[in-house]
Amino acid sequence: LAIRAVAAGELRDFERAHALLDRAGRANHLSAWLLVQRANILEMQDRPEDALAAARDALQAHSWPFYRPAVQTCARMLQLLDRDAEAIS
């Protein structure tokens with residue numbers, strides 16, 4: 001479902017993308033990967049603050065303290081928000 005959500009996001013069908021992620025989340029509501037995908041879709045919508053929040057949620061949801069996909073997404077969102085110093089730290 002997550003890959004279908006990303007495809008819908010790429011096609012700018014954000015309502016469908018979020019619905020698919022919600023459906024996937026019902027099966028695994030603490031999935032860090034799904035939260036990273038939600039962040040990516042929010043980025044496609046030009047919503048970097050919301051994307052950053054989703055990426056940070058992914059960091060909290062994962063058992064590893066430095067879950068690479070979430071760390072990279074956080075850094076990218078911070079760069080988009082012109083918060084480079086925070087992205088580097």
# chains A, B, ... in the order shown; residues from 1 in each chain; ligands from 1
$ residues_around --residues "range 62-68 of chain A" --least-positions-apart "2" --cutoff "12 Å" --atoms "only C-alpha atoms" --output "CSV table (one decimal) with N, CA and C atoms, in the first residue's frame"
chain,number,residue,atom,x,y,z
A,29,HIS,N,0.5,0.7,12.8
A,29,HIS,CA,0.4,2.1,13.1
A,29,HIS,C,1.7,2.7,13.7
A,30,LEU,N,2.7,1.9,14.0
A,30,LEU,CA,4.0,2.4,14.5
A,30,LEU,C,5.1,2.2,13.5
A,31,SER,N,4.8,2.0,12.3
A,31,SER,CA,5.8,1.8,11.3
A,31,SER,C,6.6,3.1,11.0
A,32,ALA,N,7.9,3.1,11.3
A,32,ALA,CA,8.7,4.2,11.0
A,32,ALA,C,8.8,4.4,9.4
A,33,TRP,N,8.8,3.3,8.7
A,33,TRP,CA,8.8,3.4,7.2
A,33,TRP,C,7.6,4.2,6.7
A,34,LEU,N,6.4,3.8,7.2
A,34,LEU,CA,5.2,4.5,6.7
A,34,LEU,C,5.3,6.0,7.1
A,35,LEU,N,5.8,6.3,8.2
A,35,LEU,CA,6.0,7.7,8.6
A,35,LEU,C,6.9,8.5,7.7
A,36,VAL,N,8.0,7.8,7.3
A,36,VAL,CA,8.9,8.4,6.3
A,36,VAL,C,8.2,8.6,5.0
A,55,ALA,N,8.7,13.0,9.8
A,55,ALA,CA,10.1,12.4,9.9
A,55,ALA,C,10.6,12.3,11.3
A,56,ARG,N,10.3,13.3,12.1
A,56,ARG,CA,10.7,13.2,13.5
A,56,ARG,C,9.9,12.1,14.3
A,57,ASP,N,8.6,12.0,13.9
A,57,ASP,CA,7.8,10.9,14.5
A,57,ASP,C,8.4,9.5,14.1
A,58,ALA,N,8.9,9.4,12.9
A,58,ALA,CA,9.5,8.2,12.4
A,58,ALA,C,10.8,7.9,13.2
A,59,LEU,N,11.6,8.9,13.6
A,59,LEU,CA,12.7,8.7,14.4
A,59,LEU,C,12.3,8.1,15.8
A,60,GLN,N,11.2,8.7,16.3
A,60,GLN,CA,10.7,8.2,17.6
A,60,GLN,C,10.1,6.8,17.6
A,70,ALA,N,14.8,8.1,8.2
A,70,ALA,CA,14.2,9.3,8.9
A,70,ALA,C,15.2,10.4,9.1
A,71,VAL,N,16.5,10.0,9.4
A,71,VAL,CA,17.5,11.1,9.6
A,71,VAL,C,17.7,11.8,8.3
A,72,GLN,N,17.8,11.1,7.2
A,72,GLN,CA,17.9,11.8,5.9
A,72,GLN,C,16.8,12.7,5.6
A,73,THR,N,15.6,12.2,5.8
A,73,THR,CA,14.4,13.0,5.6
A,73,THR,C,14.3,14.3,6.5
A,74,CYS,N,14.7,14.1,7.7
A,74,CYS,CA,14.7,15.3,8.6
A,74,CYS,C,15.7,16.3,8.1
A,75,ALA,N,16.9,15.8,7.7
A,75,ALA,CA,18.0,16.7,7.2
A,75,ALA,C,17.5,17.5,6.0
$ residues_around --residues "Arg38 in chain A" --least-positions-apart "4" --cutoff "8 Å" --atoms "only C-alpha atoms" --output "ChimeraX atom specification"
/A:18,21,34,42,51,54
$ write_last_selection --atoms "all heavy atoms" --output "tab-separated table (two decimals), in the first residue's frame"
chain	number	residue	atom	x	y	z
A	18	HIS	N	-2.82	9.89	0.95
A	18	HIS	CA	-3.00	9.86	2.40
A	18	HIS	C	-3.97	8.77	2.83
A	18	HIS	O	-3.78	8.13	3.86
A	18	HIS	CB	-3.44	11.23	2.90
A	18	HIS	CG	-2.32	12.23	2.90
A	18	HIS	ND1	-1.25	12.18	3.76
A	18	HIS	CD2	-2.10	13.31	2.10
A	18	HIS	CE1	-0.43	13.17	3.51
A	18	HIS	NE2	-0.92	13.88	2.49
A	21	LEU	N	-1.99	5.56	2.84
A	21	LEU	CA	-1.10	5.49	4.01
A	21	LEU	C	-1.88	5.26	5.29
A	21	LEU	O	-1.44	4.52	6.17
A	21	LEU	CB	-0.28	6.77	4.12
A	21	LEU	CG	0.90	6.88	3.18
A	21	LEU	CD1	1.60	8.22	3.35
A	21	LEU	CD2	1.89	5.75	3.38
A	34	LEU	N	6.43	3.84	7.19
A	34	LEU	CA	5.23	4.52	6.73
A	34	LEU	C	5.27	6.01	7.08
A	34	LEU	O	4.80	6.85	6.30
A	34	LEU	CB	3.98	3.88	7.33
A	34	LEU	CG	3.62	2.49	6.80
A	34	LEU	CD1	2.39	1.95	7.53
A	34	LEU	CD2	3.39	2.51	5.31
A	42	LEU	N	4.15	14.56	2.09
A	42	LEU	CA	3.94	15.93	2.56
A	42	LEU	C	4.93	16.89	1.89
A	42	LEU	O	4.59	18.03	1.58
A	42	LEU	CB	4.06	15.99	4.08
A	42	LEU	CG	2.91	15.34	4.84
A	42	LEU	CD1	3.28	15.11	6.29
A	42	LEU	CD2	1.64	16.17	4.72
A	51	ALA	N	6.11	17.70	6.99
A	51	ALA	CA	6.99	16.60	6.61
A	51	ALA	C	8.06	16.39	7.67
A	51	ALA	O	8.38	15.25	8.02
A	51	ALA	CB	7.62	16.87	5.25
A	54	ALA	N	6.54	14.58	10.60
A	54	ALA	CA	6.36	13.15	10.31
A	54	ALA	C	7.69	12.41	10.37
A	54	ALA	O	7.77	11.29	10.89
A	54	ALA	CB	5.69	12.96	8.95
$ select_by_dssp --residues "range 7-78 of chain A" --states "alpha helix (DSSP H)" --output "number ranges by chain"
A: 7-10, 14-27, 32-44, 48-61, 68-78
$ closest_residue --among "A:Ala39, A:Ile88, A:Ala2, A:Ala7" --to "Asp22 in chain A" --atoms "only C-alpha atoms"
A:Ala2
$ atom_distance --atom1 "CA of Ala5 in chain A" --atom2 "CA of Asp84 in chain A"
29.2 Å
$ atom_distance --atom1 "CA of Leu11 in chain A" --atom2 "CA of Arg26 in chain A"
23.5 Å
$ closest_residue --among "A:Pro48, A:Glu43, A:Arg83, A:Arg4" --to "Arg16 in chain A" --atoms "only C-alpha atoms"
A:Arg4
$ atom_distance --atom1 "CA of Ala27 in chain A" --atom2 "CA of Arg76 in chain A"
28.0 Å
